[in-house]
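File shown here: run32.txt, holding compact mmCIF, C-alpha atoms and all ligand atoms.
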# COMPACT_ATOMS: atom_id res chain seq x y z
CA MET A 90 17.01 26.06 14.38
CA GLN A 91 17.35 22.37 13.62
CA ARG A 92 13.95 21.32 12.27
CA LYS A 93 14.69 17.61 11.98
CA SER A 94 14.87 15.44 15.09
CA ILE A 95 15.68 11.73 15.37
CA HIS A 96 13.97 9.37 17.82
CA ARG A 97 15.10 5.82 18.53
CA LYS A 98 14.00 3.02 20.81
CA GLN A 99 15.65 -0.27 21.60
CA PHE A 100 13.74 -3.57 21.52
CA THR A 101 14.67 -7.17 22.32
CA THR A 102 13.20 -10.19 20.55
CA ALA A 103 12.04 -13.39 22.25
CA GLY A 104 15.32 -14.91 21.05
CA GLY A 105 17.34 -12.19 22.80
CA ARG A 106 18.33 -10.10 19.79
CA ASP A 107 18.63 -6.38 20.54
CA PHE A 108 17.81 -3.89 17.83
CA GLN A 109 16.39 -0.40 17.45
CA VAL A 110 13.69 1.39 15.47
CA SER A 111 14.02 5.00 14.30
CA TYR A 112 11.58 7.71 13.39
CA PHE A 113 12.14 11.29 12.33
CA THR A 114 10.16 14.42 13.01
CA VAL A 115 10.43 17.45 10.76
CA ALA A 116 8.87 20.58 12.17
CA GLY A 117 7.30 22.92 9.64
CA THR A 118 7.80 26.66 9.57
CA ARG A 119 4.25 27.51 10.64
CA PRO A 120 1.31 25.76 12.32
CA GLY A 121 -0.65 23.14 10.41
CA PRO A 122 -1.72 19.49 10.29
CA ILE A 123 0.22 16.51 11.59
CA LEU A 124 1.18 14.06 8.84
CA THR A 125 2.65 10.67 9.74
CA ILE A 126 4.24 8.34 7.20
CA ILE A 127 5.04 4.74 8.13
CA ALA A 128 6.83 2.22 5.92
CA GLY A 129 8.57 -1.10 6.29
CA GLN A 130 6.01 -2.89 8.43
CA HIS A 131 6.26 -5.82 6.03
CA GLY A 132 9.79 -6.96 5.40
CA MET A 133 9.52 -7.75 1.68
CA GLU A 134 8.28 -4.24 0.83
CA HIS A 135 11.30 -2.00 0.29
CA SER A 136 10.07 1.00 -1.71
CA GLY A 137 8.85 3.17 1.19
CA PRO A 138 11.93 2.40 3.30
CA ASN A 139 14.19 3.42 0.42
CA LEU A 140 12.51 6.64 -0.69
CA LEU A 141 11.64 8.13 2.69
CA PRO A 142 15.15 9.05 3.93
CA GLU A 143 15.52 11.34 0.91
CA LEU A 144 12.11 12.84 1.58
CA ILE A 145 13.02 13.57 5.21
CA ASP A 146 16.12 15.51 4.12
CA GLU A 147 14.09 17.37 1.50
CA LEU A 148 11.40 18.36 3.99
CA ALA A 149 14.00 19.60 6.46
CA GLU A 150 14.98 22.19 3.81
CA THR A 151 11.40 23.04 2.73
CA ASP A 152 8.99 25.64 4.10
CA PHE A 153 5.76 23.91 5.04
CA ALA A 154 2.93 24.16 7.55
CA GLY A 155 2.51 21.57 10.29
CA ILE A 156 4.59 18.60 11.37
CA VAL A 157 5.72 15.50 9.47
CA HIS A 158 6.68 12.31 11.31
CA VAL A 159 8.36 9.59 9.26
CA CYS A 160 9.25 6.03 10.24
CA PRO A 161 10.88 4.50 7.13
CA CYS A 162 11.71 1.07 8.58
CA ALA A 163 9.12 0.12 11.18
CA ASN A 164 10.16 -3.54 11.18
CA PRO A 165 13.93 -3.73 10.59
CA LEU A 166 14.33 -7.44 11.39
CA ALA A 167 11.61 -8.40 8.92
CA LEU A 168 13.25 -6.17 6.28
CA GLU A 169 16.58 -7.84 7.02
CA ILE A 170 15.19 -11.27 6.09
CA ASP A 171 13.04 -9.87 3.23
CA TYR A 172 9.98 -11.56 4.68
CA GLU A 173 6.55 -10.21 5.64
CA PHE A 174 7.16 -10.60 9.38
CA TYR A 175 9.86 -11.61 11.84
CA PRO A 176 8.88 -14.97 13.43
CA GLU A 177 10.73 -14.42 16.67
CA ASN A 178 9.48 -17.63 18.38
CA ASP A 179 10.10 -19.95 15.42
CA ASP A 180 13.12 -21.54 13.74
CA LEU A 181 14.64 -18.54 11.96
CA SER A 182 17.01 -20.73 9.93
CA LYS A 183 14.07 -21.82 7.76
CA ILE A 184 14.48 -18.55 5.87
CA ASP A 185 17.76 -19.91 4.48
CA ASP A 186 15.90 -22.45 2.34
CA TYR A 187 13.11 -20.10 1.35
CA TYR A 188 12.84 -18.37 -1.97
CA TYR A 189 9.97 -16.25 -3.15
CA SER A 190 8.16 -17.00 -6.36
CA ILE A 191 5.03 -15.31 -7.62
CA PHE A 192 3.80 -18.82 -8.46
CA ARG A 193 3.69 -19.62 -4.72
CA HIS A 194 2.94 -16.13 -3.52
CA TYR A 195 1.27 -17.16 -0.25
CA TYR A 196 3.74 -19.87 0.76
CA CYS A 197 5.16 -19.36 4.25
CA PRO A 198 8.12 -21.42 5.52
CA TRP A 199 6.67 -21.35 9.05
CA GLY A 200 3.07 -22.16 8.07
CA TYR A 201 1.64 -18.69 8.70
CA GLY A 202 0.78 -17.75 5.12
CA ARG A 203 -2.18 -15.56 4.28
CA GLY A 204 -4.11 -18.71 3.45
CA ASP A 205 -3.21 -20.39 6.74
CA GLY A 206 -5.18 -18.13 9.08
CA GLU A 207 -4.27 -15.31 11.43
CA THR A 208 -0.84 -14.51 12.83
CA LEU A 209 0.03 -11.81 15.31
CA TYR A 210 3.57 -11.80 13.92
CA ASN A 211 2.04 -9.51 11.27
CA MET A 212 2.72 -5.99 12.52
CA ASN A 213 -0.11 -4.56 10.44
CA ARG A 214 -2.68 -6.36 12.58
CA LEU A 215 -1.42 -4.93 15.87
CA TRP A 216 -2.16 -1.20 15.80
CA ASN A 217 -4.00 0.32 18.73
CA HIS A 218 -4.25 -3.26 19.99
CA ASP A 219 -5.35 -4.07 23.54
CA GLY A 220 -2.60 -6.65 23.96
CA THR A 221 0.84 -5.99 22.48
CA PRO A 222 1.89 -9.48 21.42
CA GLY A 223 5.55 -9.92 20.65
CA VAL A 224 8.15 -7.50 19.48
CA ALA A 225 6.08 -6.42 16.45
CA GLY A 226 3.29 -5.39 18.82
CA ARG A 227 5.68 -3.48 21.06
CA ILE A 228 7.02 -1.53 18.08
CA ALA A 229 3.48 -0.75 16.89
CA SER A 230 2.49 0.30 20.39
CA TRP A 231 5.48 2.64 20.68
CA LEU A 232 4.93 4.23 17.26
CA TRP A 233 1.20 4.52 17.91
CA GLY A 234 1.76 6.51 21.08
CA GLU A 235 4.57 8.62 19.65
CA ILE A 236 3.44 9.58 16.14
CA CYS A 237 0.15 7.95 15.13
CA SER A 238 -2.59 8.46 17.72
CA ASP A 239 -2.58 12.26 17.27
CA ALA A 240 -1.87 12.41 13.53
CA ASN A 241 -4.40 14.08 11.24
CA VAL A 242 -3.27 12.03 8.27
CA ILE A 243 -1.43 8.71 8.20
CA ILE A 244 0.05 7.33 5.00
CA ASP A 245 1.05 3.69 5.42
CA MET A 246 3.43 2.49 2.70
CA HIS A 247 3.40 -1.11 1.51
CA SER A 248 4.03 -3.05 -1.70
CA LEU A 249 2.18 -5.72 -3.61
CA GLN A 250 2.96 -7.52 -6.86
CA ALA A 251 1.45 -5.79 -9.88
CA ASP A 252 2.30 -3.67 -12.89
CA LYS A 253 1.38 -0.42 -11.15
CA PRO A 254 0.96 0.97 -7.63
CA VAL A 255 -2.48 1.31 -6.05
CA ILE A 256 -4.12 2.68 -2.90
CA PHE A 257 -6.14 0.63 -0.40
CA ASN A 258 -8.64 2.59 1.63
CA ASN A 259 -11.31 1.53 4.11
CA ARG A 260 -13.18 4.71 4.83
CA GLU A 261 -15.17 6.90 2.47
CA LYS A 262 -14.07 10.01 4.40
CA SER A 263 -10.42 9.37 3.45
CA VAL A 264 -11.10 9.28 -0.30
CA PRO A 265 -10.56 13.06 -0.82
CA LEU A 266 -7.10 12.69 0.74
CA ALA A 267 -6.23 9.43 -1.00
CA ARG A 268 -7.10 10.84 -4.44
CA LEU A 269 -4.51 13.58 -3.93
CA PHE A 270 -1.69 11.01 -3.87
CA GLY A 271 -2.01 10.13 -7.53
CA ALA A 272 -2.43 6.36 -7.80
CA GLU A 273 -4.66 5.47 -10.75
CA ALA A 274 -6.92 3.33 -8.58
CA ILE A 275 -8.19 3.54 -5.02
CA MET A 276 -9.46 0.15 -3.92
CA MET A 277 -12.18 0.52 -1.31
CA ARG A 278 -11.83 -2.15 1.36
CA ASP A 279 -14.17 -3.57 3.97
CA PRO A 280 -15.72 -0.61 5.87
CA ALA A 281 -16.34 -2.92 8.87
CA PRO A 282 -13.31 -5.23 9.22
CA ASN A 283 -13.17 -7.88 11.94
CA LYS A 284 -10.87 -7.36 14.94
CA TYR A 285 -7.88 -9.02 13.26
CA ARG A 286 -8.08 -7.12 9.99
CA GLY A 287 -9.13 -3.98 11.83
CA GLY A 288 -5.74 -3.97 13.53
CA ASN A 289 -4.19 -2.49 10.40
CA LEU A 290 -2.77 0.99 10.62
CA SER A 291 -4.88 2.61 7.95
CA TRP A 292 -8.07 1.42 9.69
CA GLN A 293 -7.01 2.42 13.21
CA GLY A 294 -5.50 5.69 11.97
CA GLY A 295 -8.87 6.92 10.75
CA ILE A 296 -11.07 6.13 13.73
CA LYS A 297 -11.25 9.62 15.24
CA HIS A 298 -13.33 12.25 13.48
CA ASN A 299 -10.43 14.50 12.49
CA GLN A 300 -8.14 11.64 11.45
CA TYR A 301 -7.67 10.14 8.00
CA ALA A 302 -5.52 7.29 6.81
CA PHE A 303 -4.88 5.22 3.72
CA CYS A 304 -2.41 2.68 2.46
CA VAL A 305 -0.14 3.16 -0.58
CA GLU A 306 0.87 -0.10 -2.26
CA PHE A 307 3.92 0.15 -4.48
CA SER A 308 4.15 -2.56 -7.10
CA CYS A 309 7.16 -4.70 -6.23
CA GLN A 310 7.84 -7.04 -3.32
CA HIS A 311 11.11 -8.87 -2.64
CA GLY A 312 13.08 -6.48 -4.82
CA LEU A 313 13.66 -2.90 -5.85
CA LYS A 314 11.60 -0.78 -8.21
CA GLU A 315 13.47 2.47 -8.08
CA SER A 316 11.40 3.90 -10.94
CA GLU A 317 8.55 4.37 -8.43
CA TYR A 318 10.49 6.24 -5.75
CA GLU A 319 10.01 9.70 -7.27
CA TRP A 320 6.32 8.91 -7.82
CA GLY A 321 6.06 8.04 -4.12
CA LYS A 322 7.75 11.25 -3.01
CA GLN A 323 5.61 13.26 -5.41
CA GLY A 324 2.48 11.62 -3.97
CA ILE A 325 3.41 12.80 -0.49
CA ARG A 326 4.12 16.31 -1.80
CA LYS A 327 0.73 16.30 -3.54
CA VAL A 328 -1.08 15.26 -0.35
CA MET A 329 0.78 17.97 1.58
CA THR A 330 -0.26 20.48 -1.08
CA GLY A 331 -3.88 19.39 -1.08
CA ILE A 332 -4.11 19.76 2.70
CA ASN A 333 -2.37 23.16 2.57
CA MET A 334 0.90 22.11 4.17
CA LEU A 335 2.66 23.14 0.94
CA GLU A 336 1.56 25.91 -1.41
CA GLY A 337 0.41 25.02 -4.92
CA GLU A 338 -2.14 22.93 -6.72
CA VAL A 339 -2.56 19.22 -7.39
CA VAL A 340 -2.89 17.90 -10.95
CA HIS A 341 -2.60 14.25 -12.02
CA GLN A 342 -1.56 13.19 -15.52
CA HIS A 343 -4.09 10.33 -15.52
CA PRO A 344 -7.59 9.73 -14.16
CA VAL A 345 -8.11 8.44 -10.63
CA TRP A 346 -10.69 5.69 -10.17
CA LYS A 347 -12.44 4.61 -6.99
CA VAL A 348 -13.08 0.86 -7.11
CA LEU A 349 -16.28 0.19 -5.20
CA TYR A 350 -16.28 -2.22 -2.27
CA LYS A 351 -19.69 -3.72 -2.99
CA ASN A 352 -18.89 -4.55 -6.57
CA SER A 353 -20.89 -6.31 -9.24
CA GLY A 354 -18.10 -6.17 -11.83
CA GLN A 355 -17.32 -9.59 -13.25
CA VAL A 356 -14.18 -11.70 -13.05
CA MET A 357 -13.00 -12.94 -16.45
CA CYS A 358 -11.79 -16.53 -16.79
CA ALA A 359 -9.97 -18.20 -19.67
CA GLY A 360 -12.21 -20.22 -21.96
CA LYS A 361 -9.25 -21.78 -23.78
CA ALA A 362 -5.72 -22.85 -22.90
CA GLY A 363 -2.64 -21.14 -24.31
CA HIS A 364 -0.53 -18.00 -24.34
CA ILE A 365 -2.38 -14.89 -23.21
CA ARG A 366 -1.88 -11.47 -24.76
CA TYR A 367 -3.54 -8.55 -23.02
CA LYS A 368 -5.00 -5.81 -25.20
CA VAL A 369 -5.50 -3.45 -22.25
CA ARG A 370 -3.39 -2.29 -19.33
CA LEU A 371 -4.03 -2.45 -15.62
CA TYR A 372 -6.54 0.27 -14.54
CA ASP A 373 -7.72 1.01 -18.09
CA TYR A 374 -11.46 1.69 -18.21
CA VAL A 375 -13.20 -0.60 -20.71
CA ARG A 376 -16.70 -0.77 -22.13
CA LYS A 377 -18.77 -3.93 -22.34
CA GLY A 378 -17.66 -5.84 -25.45
CA ASP A 379 -14.15 -4.32 -25.68
CA VAL A 380 -11.39 -6.85 -26.36
CA VAL A 381 -9.51 -7.40 -23.10
CA TYR A 382 -7.22 -10.30 -24.07
CA GLU A 383 -6.51 -12.95 -26.68
CA ILE A 384 -5.42 -16.54 -26.17
CA ARG A 385 -3.40 -18.47 -28.76
CA ASP A 386 -2.78 -22.18 -29.06
CA LEU A 387 0.79 -23.14 -28.16
CA GLU A 388 1.11 -25.69 -30.98
CA THR A 389 -0.67 -24.06 -33.90
CA VAL A 390 -0.30 -20.45 -32.67
CA GLU A 391 -3.88 -19.95 -33.83
CA LEU A 392 -6.07 -17.40 -32.12
CA LEU A 393 -8.44 -19.46 -29.95
CA GLU A 394 -10.24 -16.86 -27.92
CA GLN A 395 -10.90 -13.15 -27.70
CA GLY A 396 -11.92 -12.21 -24.18
CA LEU A 397 -14.58 -9.47 -24.32
CA ALA A 398 -15.34 -7.24 -21.34
CA PRO A 399 -18.53 -8.57 -19.71
CA ASN A 400 -19.42 -5.13 -18.33
CA ASP A 401 -18.18 -1.54 -18.27
CA GLY A 402 -15.47 -1.16 -15.68
CA LEU A 403 -11.85 -0.86 -14.61
CA VAL A 404 -9.35 -3.58 -15.51
CA CYS A 405 -8.06 -4.89 -12.17
CA ASN A 406 -6.15 -7.89 -10.84
CA ILE A 407 -4.47 -8.90 -14.10
CA SER A 408 -3.06 -12.40 -13.68
CA HIS A 409 0.68 -13.06 -13.55
CA LEU A 410 0.25 -16.31 -15.50
CA PRO A 411 1.80 -16.26 -19.00
CA VAL A 412 0.02 -19.45 -20.03
CA MET A 413 -3.62 -19.96 -19.21
CA LYS A 414 -5.49 -23.15 -18.55
CA VAL A 415 -9.26 -23.32 -19.02
CA ASN A 416 -11.02 -21.50 -16.15
CA ASP A 417 -7.88 -19.72 -14.87
CA THR A 418 -8.71 -16.22 -13.66
CA VAL A 419 -7.53 -13.61 -16.16
CA CYS A 420 -8.61 -10.31 -14.60
CA TRP A 421 -11.50 -8.48 -12.99
CA ILE A 422 -13.58 -5.77 -14.69
CA ALA A 423 -14.54 -3.82 -11.58
CA ASP A 424 -17.27 -1.25 -11.01
CA ALA A 425 -15.42 2.03 -10.59
CA GLU A 426 -16.19 5.72 -10.31
CA LYS A 427 -13.91 8.34 -11.83
CA ILE A 428 -13.00 10.76 -9.02
CA ALA A 429 -10.34 12.81 -10.84
CA SER A 430 -9.69 13.46 -14.52
CA SER A 431 -6.39 13.74 -16.32
CA GLY A 432 -5.15 17.34 -16.14
CA GLU A 433 -7.88 18.43 -13.72
CA VAL A 434 -6.82 20.87 -11.01
CA LEU A 435 -8.04 19.28 -7.79
CA ASP A 436 -9.45 21.60 -5.16
CA ASN A 437 -7.34 21.84 -2.03
CA LEU A 438 -9.20 20.83 1.11
CA PRO A 439 -10.55 23.72 3.21
CA ARG A 440 -7.89 25.30 5.43
CA ASP A 441 -9.93 24.47 8.53
CA PHE A 442 -10.54 20.88 7.34
CA PHE A 443 -8.97 19.25 10.39
CA GLU A 444 -10.69 21.57 12.85
CA GLN A 445 -14.22 20.83 11.67
ZN ZN B 1 2.45 -4.79 3.34

Let me see the file written as structure tokens.
Amino acid sequence: MQRKSIHRKQFTTAGGRDFQVSYFTVAGTRPGPILTIIAGQHGMEHSGPNLLPELIDELAETDFAGIVHVCPCANPLALEIDYEFYPENDDLSKIDDYYYSIFRHYYCPWGYGRGDGETLYNMNRLWNHDGTPGVAGRIASWLWGEICSDANVIIDMHSLQADKPVIFNNREKSVPLARLFGAEAIMMRDPAPNKYRGGNLSWQGGIKHNQYAFCVEFSCQHGLKESEYEWGKQGIRKVMTGINMLEGEVVHQHPVWKVLYKNSGQVMCAGKAGHIRYKVRLYDYVRKGDVVYEIRDLETVELLEQGLAPNDGLVCNISHLPVMKVNDTVCWIADAEKIASSGEVLDNLPRDFFEQ
């Protein structure tokens, strides 16, 4: 029996462009949970879209319990222009003069940047939405009805710009699933988002009592980071193992930290100007007084400042700036709880977990 099936739907943009979106369903070999994986909502985030086709083929040859739905490229036209969304009502030619730079991370050629307010071009604000504005909303509405509204677990794959991947998670109940994936940090987000922010898939996907969702953020936008693809596939295998879709046990080679939402950890700012040299890595746990960074004068090369951790915590949000000015943000030493240790065998969730 063919266990993999392909599902496609055609859409038309406001400008009259026809295109289609595909998802794949792989049926397991025995009953079990429904896992849905979505990637490519944001067009500059290419890791999920690139690793998932291989995972689909692998799963089609693997014995597992349950059903896996995978949509690798939820927003093909946004991926085509390597931009967060597809501005179907605006002047598309503006993308021709656009280039991304981390030094203008939030710049938007159409004036809908993250700092400019809300835009319903952003597919990840349109899930389970009462209107379905635009083509992004129609795609989300279709995928929601087909593969999301009944899923037990939704993994939504994105990318940000950092040295390492991370997980974003709104709900406490999803932490036991998110820690299975194997990111070093799970950033807890607003447990009561407003309507706009609450339109994201990992919030909507966890509303019902037997549903859980979280967001995996790979660490490169507007480019490829193929070194993370196997990590991403392994994370999905680990989640499937932990929820008893695959046999085995889950062990991570590093600790997993939960970064608290209400957080009193302090942001560190440069006290001097000059080249910065970090003495820690992203998601290292530091103690108050540990050396986090050093700043050297550009002319004399003298050591001007040693930045000492203001509190115990996890090193987060390391700046991309190579040269600091006084008061530039360097990093954040966040309150965090260790929720898995290196080498620890994590307990699988109870076999009736999704029936409780
Ligand atoms: Zn994204």

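With all atoms listed in the file as the atoms that count, the residue of A:Gly132, A:Pro411, A:Pro254, A:Pro176 with the shortest distance to ligand ZN 1 (chain B) is A:Gly132.
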
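Taking only C-alpha atoms and all ligand atoms into account, the residues that come within 8 Å of ligand ZN 1 (chain B) are Gly129, Gln130, His131, Gly132, Met133, Glu134, Glu173, Asn213, Met246, His247, Ser248, Leu249 and Glu306 of chain A.
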
Non-local contacts of region 355-364 of chain A (12 Å; only C-alpha atoms; under 5 positions in same chain excluded) as a tab-separated table (two decimals) with C-alpha atoms, in the coordinates of the input:
chain	number	residue	atom	x	y	z
A	377	LYS	CA	-18.77	-3.93	-22.34
A	380	VAL	CA	-11.39	-6.85	-26.36
A	381	VAL	CA	-9.51	-7.40	-23.10
A	382	TYR	CA	-7.22	-10.30	-24.07
A	383	GLU	CA	-6.51	-12.95	-26.68
A	384	ILE	CA	-5.42	-16.54	-26.17
A	385	ARG	CA	-3.40	-18.47	-28.76
A	386	ASP	CA	-2.78	-22.18	-29.06
A	387	LEU	CA	0.79	-23.14	-28.16
A	388	GLU	CA	1.11	-25.69	-30.98
A	389	THR	CA	-0.67	-24.06	-33.90
A	390	VAL	CA	-0.30	-20.45	-32.67
A	391	GLU	CA	-3.88	-19.95	-33.83
A	392	LEU	CA	-6.07	-17.40	-32.12
A	393	LEU	CA	-8.44	-19.46	-29.95
A	394	GLU	CA	-10.24	-16.86	-27.92
A	395	GLN	CA	-10.90	-13.15	-27.70
A	396	GLY	CA	-11.92	-12.21	-24.18
A	397	LEU	CA	-14.58	-9.47	-24.32
A	398	ALA	CA	-15.34	-7.24	-21.34
A	399	PRO	CA	-18.53	-8.57	-19.71
A	400	ASN	CA	-19.42	-5.13	-18.33
A	401	ASP	CA	-18.18	-1.54	-18.27
A	402	GLY	CA	-15.47	-1.16	-15.68
A	403	LEU	CA	-11.85	-0.86	-14.61
A	404	VAL	CA	-9.35	-3.58	-15.51
A	405	CYS	CA	-8.06	-4.89	-12.17
A	406	ASN	CA	-6.15	-7.89	-10.84
A	407	ILE	CA	-4.47	-8.90	-14.10
A	408	SER	CA	-3.06	-12.40	-13.68
A	409	HIS	CA	0.68	-13.06	-13.55
A	410	LEU	CA	0.25	-16.31	-15.50
A	411	PRO	CA	1.80	-16.26	-19.00
A	412	VAL	CA	0.02	-19.45	-20.03
A	413	MET	CA	-3.62	-19.96	-19.21
A	414	LYS	CA	-5.49	-23.15	-18.55
A	415	VAL	CA	-9.26	-23.32	-19.02
A	416	ASN	CA	-11.02	-21.50	-16.15
A	417	ASP	CA	-7.88	-19.72	-14.87
A	418	THR	CA	-8.71	-16.22	-13.66
A	419	VAL	CA	-7.53	-13.61	-16.16
A	420	CYS	CA	-8.61	-10.31	-14.60
A	421	TRP	CA	-11.50	-8.48	-12.99
A	422	ILE	CA	-13.58	-5.77	-14.69
A	423	ALA	CA	-14.54	-3.82	-11.58
A	424	ASP	CA	-17.27	-1.25	-11.01

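Residue nearest Glu338 (chain A), chosen from A:Leu166, A:Met212, A:Leu269, A:Val159 and counting only C-alpha atoms: A:Leu269.
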
Practice task
For a cut-off of 12 Å around (2.0, -13.2, 17.1), file coordinates, pick out all residues using only C-alpha atoms and list them as a ChimeraX atom specification.
Solution key: /A:103,174-179,201,206-215,220-227,285
